$ cat entry.pdb   # PDB, C-alpha atoms
ATOM      1  CA  MET A  20      21.647  21.129  13.581
ATOM      2  CA  PRO A  21      18.132  20.673  12.126
ATOM      3  CA  GLU A  22      15.339  19.603  14.459
ATOM      4  CA  ASN A  23      13.768  16.188  13.988
ATOM      5  CA  ILE A  24      10.134  16.538  15.048
ATOM      6  CA  ALA A  25       8.293  13.221  15.306
ATOM      7  CA  PHE A  26       4.805  12.126  16.329
ATOM      8  CA  ALA A  27       4.886   8.942  18.409
ATOM      9  CA  ALA A  28       2.612   6.634  20.402
ATOM     10  CA  TYR A  29       3.304   4.904  23.708
ATOM     11  CA  ALA A  30       0.162   2.779  23.967
ATOM     12  CA  ALA A  31      -2.870   1.613  22.002
ATOM     13  CA  LYS A  32      -5.127   4.614  22.584
ATOM     14  CA  PRO A  33      -8.035   5.676  20.379
ATOM     15  CA  VAL A  34      -7.241   8.541  18.071
ATOM     16  CA  SER A  35      -9.764  10.648  19.991
ATOM     17  CA  ALA A  36      -7.545  10.483  23.107
ATOM     18  CA  PRO A  37      -5.547  13.700  23.602
ATOM     19  CA  ASP A  38      -2.294  11.743  23.993
ATOM     20  CA  CYS A  39      -2.876   9.195  21.227
ATOM     21  CA  PHE A  40       0.102  10.787  19.478
ATOM     22  CA  VAL A  41       2.801  12.708  21.332
ATOM     23  CA  PRO A  42       5.168  15.221  19.696
ATOM     24  CA  LEU A  43       8.872  14.584  20.236
ATOM     25  CA  SER A  44      12.071  16.385  19.346
ATOM     26  CA  LEU A  45      14.613  13.696  18.427
ATOM     27  CA  PRO A  46      18.197  13.685  17.174
ATOM     28  CA  VAL A  47      18.682  13.331  13.453
ATOM     29  CA  PRO A  48      19.470   9.615  12.974
ATOM     30  CA  THR A  49      22.981   8.410  12.217
ATOM     31  CA  PRO A  50      22.962   5.869   9.377
ATOM     32  CA  GLY A  51      24.165   2.325   9.884
ATOM     33  CA  PRO A  52      26.594   0.915   7.294
ATOM     34  CA  THR A  53      23.802  -0.132   4.897
ATOM     35  CA  ASP A  54      21.333   2.668   5.665
ATOM     36  CA  VAL A  55      20.460   6.082   4.331
ATOM     37  CA  VAL A  56      19.007   8.986   6.308
ATOM     38  CA  VAL A  57      16.240  10.832   4.473
ATOM     39  CA  GLN A  58      14.890  14.306   5.145
ATOM     40  CA  LEU A  59      11.239  13.774   4.350
ATOM     41  CA  GLU A  60       9.122  15.901   2.048
ATOM     42  CA  ALA A  61       5.909  13.941   2.599
ATOM     43  CA  THR A  62       4.431  10.820   4.135
ATOM     44  CA  ALA A  63       1.171   8.970   3.515
ATOM     45  CA  LEU A  64      -1.264   7.155   5.786
ATOM     46  CA  ASN A  65      -2.141   3.478   5.474
ATOM     47  CA  PRO A  66      -4.447   1.124   7.404
ATOM     48  CA  ILE A  67      -1.410  -0.739   8.794
ATOM     49  CA  ASP A  68      -0.498   2.423  10.716
ATOM     50  CA  THR A  69      -3.692   2.219  12.748
ATOM     51  CA  LYS A  70      -3.655  -1.585  13.027
ATOM     52  CA  ARG A  71      -0.148  -1.600  14.496
ATOM     53  CA  ARG A  72      -0.983   1.274  16.843
ATOM     54  CA  ALA A  73      -4.092  -0.614  18.033
ATOM     55  CA  ALA A  74      -1.878  -3.598  18.923
ATOM     56  CA  LEU A  75       0.697  -1.503  20.778
ATOM     57  CA  LYS A  76       1.404  -2.531  24.372
ATOM     58  CA  PRO A  77       2.109   0.258  26.895
ATOM     59  CA  GLN A  78       5.818   1.000  26.615
ATOM     60  CA  THR A  79       8.412   3.583  27.537
ATOM     61  CA  THR A  80      10.043   3.636  24.096
ATOM     62  CA  PRO A  81       8.177   5.780  21.563
ATOM     63  CA  ALA A  82       6.689   3.963  18.588
ATOM     64  CA  ILE A  83       6.809   6.024  15.405
ATOM     65  CA  PHE A  84       4.509   4.736  12.683
ATOM     66  CA  GLY A  85       4.201   5.651   9.011
ATOM     67  CA  TYR A  86       5.361   3.443   6.127
ATOM     68  CA  ASP A  87       5.461   5.692   3.086
ATOM     69  CA  GLY A  88       8.028   8.373   2.475
ATOM     70  CA  VAL A  89       9.628  10.622  -0.093
ATOM     71  CA  GLY A  90      12.532  12.977   0.479
ATOM     72  CA  ARG A  91      16.220  13.633  -0.042
ATOM     73  CA  ILE A  92      19.116  11.663   1.317
ATOM     74  CA  VAL A  93      21.173  13.651   3.828
ATOM     75  CA  ALA A  94      23.544  10.861   4.890
ATOM     76  CA  CYS A  95      24.656   7.450   3.602
ATOM     77  CA  GLY A  96      26.182   4.513   5.443
ATOM     78  CA  GLN A  97      29.718   3.565   4.499
ATOM     79  CA  ALA A  98      28.592   0.455   2.606
ATOM     80  CA  VAL A  99      25.995   2.276   0.481
ATOM     81  CA  THR A 100      27.243   2.625  -3.090
ATOM     82  CA  THR A 101      24.070   2.827  -5.197
ATOM     83  CA  LEU A 102      22.601   5.996  -3.642
ATOM     84  CA  ALA A 103      24.052   9.423  -2.877
ATOM     85  CA  VAL A 104      23.546  12.402  -0.599
ATOM     86  CA  GLY A 105      21.165  14.881  -2.216
ATOM     87  CA  GLN A 106      19.297  12.226  -4.207
ATOM     88  CA  ARG A 107      15.505  12.257  -4.117
ATOM     89  CA  VAL A 108      14.109   8.873  -3.110
ATOM     90  CA  MET A 109      10.900   7.105  -2.167
ATOM     91  CA  TYR A 110      10.200   4.015  -0.083
ATOM     92  CA  ALA A 111       7.725   2.129   2.104
ATOM     93  CA  GLY A 112      10.229   1.379   4.860
ATOM     94  CA  THR A 113      10.017  -1.494   7.302
ATOM     95  CA  THR A 114       8.082  -2.394  10.439
ATOM     96  CA  GLN A 115      11.425  -3.072  12.140
ATOM     97  CA  ARG A 116      12.394   0.627  12.276
ATOM     98  CA  ALA A 117      10.903   3.922  13.369
ATOM     99  CA  GLY A 118       8.532   5.054  10.630
ATOM    100  CA  SER A 119       7.951   8.166   8.568
ATOM    101  CA  TYR A 120       5.912  10.264  11.006
ATOM    102  CA  GLN A 121       9.059  12.341  11.504
ATOM    103  CA  HIS A 122      11.204  14.814   9.576
ATOM    104  CA  PHE A 123      14.343  12.629   9.358
ATOM    105  CA  GLN A 124      14.246   8.844   9.005
ATOM    106  CA  SER A 125      16.865   6.107   8.785
ATOM    107  CA  VAL A 126      15.915   3.527   6.140
ATOM    108  CA  PRO A 127      17.704   0.414   4.824
ATOM    109  CA  ALA A 128      19.153   1.465   1.477
ATOM    110  CA  ALA A 129      17.949  -1.757  -0.163
ATOM    111  CA  LEU A 130      14.331  -0.632   0.323
ATOM    112  CA  VAL A 131      14.840   2.759  -1.326
ATOM    113  CA  ALA A 132      14.484   3.742  -4.993
ATOM    114  CA  ALA A 133      15.252   6.908  -6.912
ATOM    115  CA  ALA A 134      12.243   9.208  -7.222
ATOM    116  CA  PRO A 135      11.329  11.491 -10.152
ATOM    117  CA  GLU A 136      12.688  14.972  -9.542
ATOM    118  CA  ASP A 137       9.721  16.931 -10.856
ATOM    119  CA  ALA A 138       6.812  14.930  -9.367
ATOM    120  CA  PRO A 139       4.695  16.325  -6.508
ATOM    121  CA  ALA A 140       5.827  15.055  -3.117
ATOM    122  CA  ALA A 141       2.321  13.876  -2.195
ATOM    123  CA  ASP A 142       2.113  11.705  -5.312
ATOM    124  CA  LEU A 143       5.432  10.035  -4.590
ATOM    125  CA  ALA A 144       4.565   9.478  -0.923
ATOM    126  CA  ALA A 145       1.328   7.799  -1.964
ATOM    127  CA  LEU A 146       2.908   5.296  -4.370
ATOM    128  CA  PRO A 147       5.230   2.940  -2.455
ATOM    129  CA  LEU A 148       3.211   0.863   0.019
ATOM    130  CA  VAL A 149       0.083   0.424  -2.086
ATOM    131  CA  GLY A 150       2.173   0.029  -5.235
ATOM    132  CA  LEU A 151       4.384  -2.667  -3.764
ATOM    133  CA  THR A 152       1.372  -4.452  -2.271
ATOM    134  CA  ALA A 153      -0.589  -4.385  -5.520
ATOM    135  CA  TRP A 154       2.410  -5.438  -7.637
ATOM    136  CA  GLU A 155       3.309  -8.355  -5.367
ATOM    137  CA  LEU A 156      -0.305  -9.529  -5.170
ATOM    138  CA  LEU A 157      -0.959  -9.317  -8.905
ATOM    139  CA  PHE A 158       2.336 -10.479 -10.363
ATOM    140  CA  GLU A 159       4.073 -12.493  -7.630
ATOM    141  CA  LYS A 160       1.102 -14.118  -5.883
ATOM    142  CA  MET A 161      -1.377 -14.458  -8.745
ATOM    143  CA  GLY A 162       1.257 -15.043 -11.394
ATOM    144  CA  PHE A 163       0.063 -12.594 -14.033
ATOM    145  CA  ILE A 164       2.743 -11.269 -16.391
ATOM    146  CA  PRO A 165       4.115  -7.814 -15.427
ATOM    147  CA  GLN A 166       4.225  -6.394 -18.942
ATOM    148  CA  ALA A 167       1.967  -4.055 -20.858
ATOM    149  CA  ASN A 168      -0.993  -5.907 -22.419
ATOM    150  CA  ALA A 169       0.559  -9.301 -21.634
ATOM    151  CA  ASN A 170      -2.593 -10.739 -20.030
ATOM    152  CA  VAL A 171      -5.268  -9.968 -22.623
ATOM    153  CA  GLY A 172      -8.192 -12.384 -22.248
ATOM    154  CA  LYS A 173      -7.705 -12.805 -18.499
ATOM    155  CA  ARG A 174     -10.150 -11.367 -15.954
ATOM    156  CA  LEU A 175      -9.561  -9.980 -12.467
ATOM    157  CA  LEU A 176     -12.160  -9.265  -9.791
ATOM    158  CA  VAL A 177     -11.208  -6.769  -7.085
ATOM    159  CA  VAL A 178     -13.327  -6.516  -3.938
ATOM    160  CA  ASN A 179     -13.034  -2.969  -2.533
ATOM    161  CA  GLY A 180     -11.610  -1.351  -5.633
ATOM    162  CA  ALA A 181     -11.785   2.295  -4.513
ATOM    163  CA  GLY A 182      -9.329   2.112  -1.602
ATOM    164  CA  GLY A 183      -5.621   2.826  -1.749
ATOM    165  CA  VAL A 184      -4.463  -0.668  -2.727
ATOM    166  CA  GLY A 185      -7.516  -1.246  -4.888
ATOM    167  CA  SER A 186      -6.972   1.930  -6.887
ATOM    168  CA  MET A 187      -3.374   0.924  -7.600
ATOM    169  CA  LEU A 188      -4.203  -2.733  -8.301
ATOM    170  CA  THR A 189      -6.871  -1.910 -10.881
ATOM    171  CA  GLN A 190      -4.505   0.444 -12.723
ATOM    172  CA  LEU A 191      -1.693  -2.124 -12.809
ATOM    173  CA  ALA A 192      -4.115  -4.800 -13.991
ATOM    174  CA  HIS A 193      -5.412  -2.532 -16.744
ATOM    175  CA  TRP A 194      -1.839  -1.743 -17.853
ATOM    176  CA  ALA A 195      -1.071  -5.473 -17.946
ATOM    177  CA  GLY A 196      -4.037  -6.159 -20.235
ATOM    178  CA  LEU A 197      -6.499  -7.748 -17.824
ATOM    179  CA  THR A 198     -10.221  -7.106 -17.969
ATOM    180  CA  VAL A 199     -10.943  -5.597 -14.565
ATOM    181  CA  LEU A 200     -14.115  -5.971 -12.509
ATOM    182  CA  ALA A 201     -14.252  -4.203  -9.124
ATOM    183  CA  THR A 202     -16.711  -3.548  -6.341
ATOM    184  CA  ALA A 203     -17.474  -0.253  -4.651
ATOM    185  CA  SER A 204     -20.417   1.908  -3.728
ATOM    186  CA  PRO A 205     -22.198   3.212  -6.847
ATOM    187  CA  ALA A 206     -21.102   6.691  -5.760
ATOM    188  CA  ASN A 207     -17.533   5.556  -6.511
ATOM    189  CA  PHE A 208     -18.152   4.022  -9.933
ATOM    190  CA  ASP A 209     -16.658   7.061 -11.666
ATOM    191  CA  TRP A 210     -13.538   6.641  -9.537
ATOM    192  CA  LEU A 211     -13.279   2.960 -10.498
ATOM    193  CA  GLN A 212     -13.568   3.708 -14.205
ATOM    194  CA  ALA A 213     -10.936   6.454 -13.931
ATOM    195  CA  HIS A 214      -8.590   3.865 -12.373
ATOM    196  CA  GLY A 215      -8.736   1.136 -14.997
ATOM    197  CA  VAL A 216     -11.941  -0.717 -14.078
ATOM    198  CA  ASP A 217     -13.944  -2.042 -17.032
ATOM    199  CA  TYR A 218     -16.954  -3.269 -15.051
ATOM    200  CA  PRO A 219     -17.872  -1.510 -11.766
ATOM    201  CA  LEU A 220     -19.976  -3.662  -9.438
ATOM    202  CA  ASP A 221     -22.173  -2.543  -6.545
ATOM    203  CA  TYR A 222     -20.742  -4.160  -3.416
ATOM    204  CA  HIS A 223     -24.277  -4.413  -1.993
ATOM    205  CA  GLU A 224     -25.309  -6.779  -4.802
ATOM    206  CA  ASP A 225     -24.816 -10.541  -5.212
ATOM    207  CA  LEU A 226     -21.455 -10.948  -6.963
ATOM    208  CA  VAL A 227     -22.225 -14.368  -8.385
ATOM    209  CA  ALA A 228     -25.494 -13.156  -9.874
ATOM    210  CA  ALA A 229     -23.740 -10.138 -11.344
ATOM    211  CA  ILE A 230     -20.827 -12.042 -12.930
ATOM    212  CA  VAL A 231     -21.987 -15.565 -13.810
ATOM    213  CA  PRO A 232     -24.440 -14.480 -16.557
ATOM    214  CA  SER A 233     -21.391 -13.610 -18.653
ATOM    215  CA  GLY A 234     -20.682 -17.353 -18.735
ATOM    216  CA  GLN A 235     -17.074 -16.963 -17.650
ATOM    217  CA  PHE A 236     -15.032 -17.541 -14.541
ATOM    218  CA  VAL A 237     -12.540 -14.933 -13.374
ATOM    219  CA  ASP A 238      -8.847 -15.841 -13.375
ATOM    220  CA  GLY A 239      -7.947 -13.923 -10.227
ATOM    221  CA  ILE A 240      -9.832 -12.490  -7.271
ATOM    222  CA  ALA A 241      -8.317  -9.910  -4.925
ATOM    223  CA  LEU A 242     -10.137  -9.663  -1.594
ATOM    224  CA  LEU A 243      -9.081  -6.277  -0.227
ATOM    225  CA  TYR A 244     -11.765  -6.317   2.457
ATOM    226  CA  ALA A 245     -12.557  -8.951   5.087
ATOM    227  CA  PRO A 246     -12.294 -12.245   3.169
ATOM    228  CA  GLU A 247     -14.828 -14.200   5.235
ATOM    229  CA  PRO A 248     -18.077 -12.871   3.697
ATOM    230  CA  TYR A 249     -16.696 -13.116   0.151
ATOM    231  CA  LEU A 250     -15.037 -16.527   0.131
ATOM    232  CA  GLU A 251     -18.126 -18.519  -0.859
ATOM    233  CA  ALA A 252     -18.750 -16.291  -3.870
ATOM    234  CA  ALA A 253     -15.057 -16.279  -4.725
ATOM    235  CA  THR A 254     -14.964 -20.079  -4.649
ATOM    236  CA  THR A 255     -17.826 -20.164  -7.155
ATOM    237  CA  LEU A 256     -16.345 -17.507  -9.432
ATOM    238  CA  ILE A 257     -12.686 -18.469  -9.540
ATOM    239  CA  ALA A 258     -11.454 -20.249 -12.646
ATOM    240  CA  PRO A 259      -9.787 -23.665 -12.483
ATOM    241  CA  LEU A 260      -6.116 -23.131 -11.539
ATOM    242  CA  GLY A 261      -6.991 -19.552 -10.594
ATOM    243  CA  HIS A 262      -5.820 -17.518  -7.617
ATOM    244  CA  ILE A 263      -7.729 -15.881  -4.788
ATOM    245  CA  ALA A 264      -5.604 -13.499  -2.728
ATOM    246  CA  THR A 265      -6.183 -11.250   0.261
ATOM    247  CA  ILE A 266      -4.284  -8.518   2.079
ATOM    248  CA  VAL A 267      -6.553  -8.770   5.137
ATOM    249  CA  THR A 268      -5.840 -11.161   8.006
ATOM    250  CA  PRO A 269      -8.767 -13.587   8.413
ATOM    251  CA  THR A 270     -10.373 -13.434  11.846
ATOM    252  CA  THR A 271     -11.998 -16.869  11.632
ATOM    253  CA  PRO A 272     -10.970 -20.144   9.937
ATOM    254  CA  LEU A 273     -11.651 -20.056   6.215
ATOM    255  CA  PRO A 274     -13.401 -22.988   4.474
ATOM    256  CA  LEU A 275     -10.984 -23.650   1.613
ATOM    257  CA  ALA A 276     -12.083 -27.182   0.727
ATOM    258  CA  GLY A 277     -14.284 -25.844  -2.076
ATOM    259  CA  LEU A 278     -11.178 -24.731  -3.967
ATOM    260  CA  LYS A 279      -9.824 -28.282  -4.266
ATOM    261  CA  PRO A 280     -11.863 -29.413  -7.324
ATOM    262  CA  LYS A 281     -10.556 -26.413  -9.267
ATOM    263  CA  ALA A 282      -7.009 -26.744  -7.888
ATOM    264  CA  ALA A 283      -7.326 -23.023  -7.162
ATOM    265  CA  SER A 284      -4.928 -21.290  -4.782
ATOM    266  CA  PHE A 285      -5.584 -19.044  -1.809
ATOM    267  CA  ASP A 286      -2.751 -16.560  -1.259
ATOM    268  CA  GLN A 287      -1.990 -14.007   1.418
ATOM    269  CA  GLU A 288      -0.066 -10.834   0.580
ATOM    270  CA  TYR A 289       1.913  -8.831   3.138
ATOM    271  CA  MET A 290       4.290  -6.268   1.729
ATOM    272  CA  PHE A 291       6.566  -6.278   4.787
ATOM    273  CA  THR A 292       7.356 -10.003   4.621
ATOM    274  CA  LYS A 293      10.439  -9.368   2.488
ATOM    275  CA  SER A 294      11.960  -6.805   4.869
ATOM    276  CA  ASP A 295      10.798  -8.621   8.033
ATOM    277  CA  TYR A 296      12.464 -11.883   7.003
ATOM    278  CA  GLY A 297      15.215 -10.651   4.700
ATOM    279  CA  VAL A 298      13.926 -12.511   1.633
ATOM    280  CA  ALA A 299      13.847 -11.221  -1.963
ATOM    281  CA  VAL A 300      14.679  -7.762  -0.648
ATOM    282  CA  ALA A 301      16.316  -6.697  -3.925
ATOM    283  CA  SER A 302      12.948  -6.944  -5.665
ATOM    284  CA  THR A 303      11.638  -4.023  -3.586
ATOM    285  CA  ARG A 304      13.802  -1.445  -5.333
ATOM    286  CA  GLN A 305      13.112  -3.049  -8.704
ATOM    287  CA  ILE A 306       9.348  -2.793  -8.198
ATOM    288  CA  LEU A 307       9.538   0.777  -6.915
ATOM    289  CA  THR A 308      11.618   1.746  -9.936
ATOM    290  CA  GLN A 309       9.060   0.222 -12.279
ATOM    291  CA  LEU A 310       6.222   1.989 -10.443
ATOM    292  CA  ALA A 311       8.060   5.306 -10.786
ATOM    293  CA  THR A 312       8.524   4.680 -14.507
ATOM    294  CA  LEU A 313       4.846   3.864 -15.022
ATOM    295  CA  TYR A 314       3.880   6.965 -13.048
ATOM    296  CA  THR A 315       6.201   9.156 -15.134
ATOM    297  CA  GLN A 316       4.769   7.652 -18.331
ATOM    298  CA  GLY A 317       1.221   8.438 -17.216
ATOM    299  CA  GLN A 318       0.236   4.778 -16.861
ATOM    300  CA  LEU A 319      -0.409   5.189 -13.115
ATOM    301  CA  THR A 320      -1.871   7.970 -11.025
ATOM    302  CA  ALA A 321      -1.058   8.234  -7.349
ATOM    303  CA  SER A 322      -4.723   8.617  -6.311
ATOM    304  CA  VAL A 323      -4.096  11.282  -3.665
ATOM    305  CA  THR A 324      -7.431  12.633  -2.430
ATOM    306  CA  GLN A 325      -6.370  14.916   0.459
ATOM    307  CA  THR A 326      -3.193  16.529   1.786
ATOM    308  CA  TRP A 327      -2.419  18.438   4.965
ATOM    309  CA  PRO A 328       0.703  20.064   6.455
ATOM    310  CA  PHE A 329       2.607  17.715   8.779
ATOM    311  CA  THR A 330       1.270  18.787  12.178
ATOM    312  CA  LEU A 331      -0.002  16.819  15.146
ATOM    313  CA  ALA A 332      -3.547  18.104  14.674
ATOM    314  CA  ASN A 333      -3.536  17.160  11.011
ATOM    315  CA  LEU A 334      -2.160  13.685  11.731
ATOM    316  CA  VAL A 335      -5.070  13.161  14.126
ATOM    317  CA  THR A 336      -7.578  14.461  11.561
ATOM    318  CA  ALA A 337      -6.197  12.260   8.784
ATOM    319  CA  THR A 338      -6.091   9.213  11.070
ATOM    320  CA  GLN A 339      -9.692   9.770  12.133
ATOM    321  CA  GLN A 340     -10.722   9.955   8.489
ATOM    322  CA  LEU A 341      -8.779   6.789   7.645
ATOM    323  CA  GLU A 342     -10.258   4.870  10.565
ATOM    324  CA  ALA A 343     -13.791   5.918   9.630
ATOM    325  CA  GLY A 344     -13.473   3.705   6.530
ATOM    326  CA  HIS A 345     -14.730   4.164   2.975
ATOM    327  CA  THR A 346     -11.724   6.343   2.108
ATOM    328  CA  ARG A 347     -11.016   6.802  -1.581
ATOM    329  CA  GLY A 348      -7.363   6.856  -2.591
ATOM    330  CA  LYS A 349      -4.577   8.091  -0.308
ATOM    331  CA  LEU A 350      -4.233  10.705   2.440
ATOM    332  CA  CYS A 351      -0.871  12.514   2.706
ATOM    333  CA  LEU A 352       0.963  14.852   5.064
ATOM    334  CA  LEU A 353       3.467  17.371   3.677
ATOM    335  CA  MET A 354       6.513  18.568   5.584
ATOM    336  CA  GLU A 355       7.503  22.219   5.332
ATOM    337  CA  ALA A 356      10.016  23.063   2.633
TER     338      ALA A 356
END
$ encode --input "entry.pdb" --output "structure tokens"
Amino acid sequence: MPENIAFAAYAAKPVSAPDCFVPLSLPVPTPGPTDVVVQLEATALNPIDTKRRAALKPQTTPAIFGYDGVGRIVACGQAVTTLAVGQRVMYAGTTQRAGSYQHFQSVPAALVAAAPEDAPAADLAALPLVGLTAWELLFEKMGFIPQANANVGKRLLVVNGAGGVGSMLTQLAHWAGLTVLATASPANFDWLQAHGVDYPLDYHEDLVAAIVPSGQFVDGIALLYAPEPYLEAATTLIAPLGHIATIVTPTTPLPLAGLKPKAASFDQEYMFTKSDYGVAVASTRQILTQLATLYTQGQLTASVTQTWPFTLANLVTATQQLEAGHTRGKLCLLMEA
């Protein structure tokens, strides 16, 4: 019987604490009727991993985080008919289950999509969570058309364009025909341009002063950093009937009254809403399949910047790097073959 090594947390401890993560040897999961069990090839880190760990109450049950995975199915539940043992798959999982910081994971089959056979494991592990988030924000929340070049003449502003979600969002927007403006440090302007950005903007500078001289509003604004300091500028820049959207939970009340004259919308995107509440779950596989197709066609890159073997020490190192902020792209951990 193969060994299922996992790295878990029992309390909200800083990553510098020696027992922030604890190694465990667990049984290989048994799939429920609608589940698959995946032997992982790789997992990727995301900010939600650290946010959920920081909110963890002391508990006796281990909490296993990680919400990106790629691997091969080793077992299927009796009601699973669309997937098969031996198939390579990718997914972002659910907050309602143990995550992908382990070698074997049970995942609802509805959240899983077939993965390209010849793609690097790190690339496929880096696609799901940021890809689903960016797709939902751009096409479901903001209402842009999810087809190649279908939004020519529209403009999108992305605040924090060099991060994991930002790098995916700018590529999807470019594919869909939008003119893309995005903020980052000037040191990351080359990264922005390599990921579909037409106009890199220095995040230190006044956004309104940088954009308004063009004489145009922007049709969508994605706030991928704290929305509070950017909302005033976003309210000025957004087009009538436009959409402002964020993936970050506001920490103070937001003054939205300024959006009323433009009938502009303020949207919040959370990729796990569908799996948490059991709504529109079928769209998850559809989006993942489209992301895999665009990746295979060369329309998307996975934006992996660093990989490490899947060890406790490397999980700590990667988490420390993620929590330090200003990370470009995605950080991945690779299981042994």
$ residues_around --input "entry.pdb" --residues "segment 326-335 of chain A" --least-positions-apart "2" --cutoff "6 Å" --atoms "only C-alpha atoms" --output "number ranges by chain"
A: 337-338, 350-354
$ write_last_selection --input "entry.pdb" --atoms "C-alpha atoms" --output "PDB file, in the coordinates of the input"
ATOM      1  CA  ALA A 337      -6.197  12.260   8.784  1.00  0.00           C
ATOM      2  CA  THR A 338      -6.091   9.213  11.070  1.00  0.00           C
ATOM      3  CA  LEU A 350      -4.233  10.705   2.440  1.00  0.00           C
ATOM      4  CA  CYS A 351      -0.871  12.514   2.706  1.00  0.00           C
ATOM      5  CA  LEU A 352       0.963  14.852   5.064  1.00  0.00           C
ATOM      6  CA  LEU A 353       3.467  17.371   3.677  1.00  0.00           C
ATOM      7  CA  MET A 354       6.513  18.568   5.584  1.00  0.00           C
TER       8      MET A 354
END
$ residues_around --input "entry.pdb" --residues "Ile83 of chain A" --least-positions-apart "5" --cutoff "8 Å" --atoms "only C-alpha atoms" --output "list of chain:residue names"
A:Ala25, A:Phe26, A:Ala27, A:Ala28, A:Ala117, A:Gly118, A:Ser119, A:Tyr120, A:Gln121
$ residues_around --input "entry.pdb" --residues "Ala132 of chain A" --least-positions-apart "2" --cutoff "8 Å" --atoms "only C-alpha atoms" --output "ChimeraX atom specification"
/A:108-110,130,134,304-305,307-308
$ resolve_selection --input "entry.pdb" --expression "the PyMOL selection byres ((chain A and resi 269-284) around 7)" --output "PyMOL selection string"
chain A and resi 245-247+254+259-263+267-268+285-286
$ residues_around --input "entry.pdb" --residues "segment 191-200 of chain A" --least-positions-apart "2" --cutoff "10 Å" --atoms "only C-alpha atoms" --output "PyMOL selection string"
chain A and resi 150+153-154+157-158+163-178+180+185-189+202+211-212+214-220+230+237-240+310+313+318-319
$ resolve_selection --input "entry.pdb" --expression "the PyMOL selection byres ((chain A and resi 289) around 9)" --output "PyMOL selection string"
chain A and resi 152+155-156+265-267+287-288+290-293
$ write_last_selection --input "entry.pdb" --atoms "C-alpha atoms" --output "PDB file, in the coordinates of the input"
ATOM      1  CA  THR A 152       1.372  -4.452  -2.271  1.00  0.00           C
ATOM      2  CA  GLU A 155       3.309  -8.355  -5.367  1.00  0.00           C
ATOM      3  CA  LEU A 156      -0.305  -9.529  -5.170  1.00  0.00           C
ATOM      4  CA  THR A 265      -6.183 -11.250   0.261  1.00  0.00           C
ATOM      5  CA  ILE A 266      -4.284  -8.518   2.079  1.00  0.00           C
ATOM      6  CA  VAL A 267      -6.553  -8.770   5.137  1.00  0.00           C
ATOM      7  CA  GLN A 287      -1.990 -14.007   1.418  1.00  0.00           C
ATOM      8  CA  GLU A 288      -0.066 -10.834   0.580  1.00  0.00           C
ATOM      9  CA  MET A 290       4.290  -6.268   1.729  1.00  0.00           C
ATOM     10  CA  PHE A 291       6.566  -6.278   4.787  1.00  0.00           C
ATOM     11  CA  THR A 292       7.356 -10.003   4.621  1.00  0.00           C
ATOM     12  CA  LYS A 293      10.439  -9.368   2.488  1.00  0.00           C
TER      13      LYS A 293
END
$ resolve_selection --input "entry.pdb" --expression "the PyMOL selection byres ((chain A and resi 112) around 8)" --output "PyMOL selection string"
chain A and resi 86-88+110-111+113-114+116+118+126-127+130-131
$ closest_residue --input "entry.pdb" --among "A:Val149, A:Ala128, A:Ala241, A:Val231" --to "Val300 of chain A" --atoms "all atoms listed in the file"
A:Ala128
$ residues_around --input "entry.pdb" --residues "Ala74 of chain A" --least-positions-apart "2" --cutoff "10 Å" --atoms "all atoms listed in the file" --output "ChimeraX atom specification"
/A:30-32,69-72,76-77
$ closest_residue --input "entry.pdb" --among "A:Gln325, A:Thr53, A:Asn65, A:Ser233" --to "Val184 of chain A" --atoms "only C-alpha atoms"
A:Asn65
$ atom_distance --input "entry.pdb" --atom1 "atom CA of Ile257 of chain A" --atom2 "atom CA of Ser302 of chain A"
28.4 Å
$ atom_distance --input "entry.pdb" --atom1 "atom CA of Gly183 of chain A" --atom2 "atom CA of Thr255 of chain A"
26.6 Å
$ atom_distance --input "entry.pdb" --atom1 "atom CA of Ser322 of chain A" --atom2 "atom CA of Lys349 of chain A"
6.0 Å
$ closest_residue --input "entry.pdb" --among "A:Thr62, A:Gln106, A:Thr100, A:Gln309" --to "Asp142 of chain A" --atoms "only C-alpha atoms"
A:Thr62
$ build_atoms --input "entry.pdb" --residues "segment 228-235 of chain A" --atoms "N, CA and C atoms" --output "PDB file, in the coordinates of the input"
ATOM      1  N   ALA A 228     -24.407 -13.494  -8.955  1.00  0.00           N
ATOM      2  CA  ALA A 228     -25.494 -13.156  -9.874  1.00  0.00           C
ATOM      3  C   ALA A 228     -25.066 -12.097 -10.876  1.00  0.00           C
ATOM      4  N   ALA A 229     -24.182 -11.210 -10.454  1.00  0.00           N
ATOM      5  CA  ALA A 229     -23.740 -10.138 -11.344  1.00  0.00           C
ATOM      6  C   ALA A 229     -22.745 -10.620 -12.390  1.00  0.00           C
ATOM      7  N   ILE A 230     -21.938 -11.649 -12.055  1.00  0.00           N
ATOM      8  CA  ILE A 230     -20.827 -12.042 -12.930  1.00  0.00           C
ATOM      9  C   ILE A 230     -21.112 -13.295 -13.737  1.00  0.00           C
ATOM     10  N   VAL A 231     -21.784 -14.279 -13.149  1.00  0.00           N
ATOM     11  CA  VAL A 231     -21.987 -15.565 -13.810  1.00  0.00           C
ATOM     12  C   VAL A 231     -22.759 -15.465 -15.130  1.00  0.00           C
ATOM     13  N   PRO A 232     -23.732 -14.542 -15.266  1.00  0.00           N
ATOM     14  CA  PRO A 232     -24.440 -14.480 -16.557  1.00  0.00           C
ATOM     15  C   PRO A 232     -23.531 -14.275 -17.762  1.00  0.00           C
ATOM     16  N   SER A 233     -22.329 -13.768 -17.537  1.00  0.00           N
ATOM     17  CA  SER A 233     -21.391 -13.610 -18.653  1.00  0.00           C
ATOM     18  C   SER A 233     -20.867 -14.966 -19.127  1.00  0.00           C
ATOM     19  N   GLY A 234     -21.090 -16.016 -18.340  1.00  0.00           N
ATOM     20  CA  GLY A 234     -20.682 -17.353 -18.735  1.00  0.00           C
ATOM     21  C   GLY A 234     -19.211 -17.639 -18.564  1.00  0.00           C
ATOM     22  N   GLN A 235     -18.509 -16.800 -17.816  1.00  0.00           N
ATOM     23  CA  GLN A 235     -17.074 -16.963 -17.650  1.00  0.00           C
ATOM     24  C   GLN A 235     -16.701 -16.932 -16.177  1.00  0.00           C
TER      25      GLN A 235
END
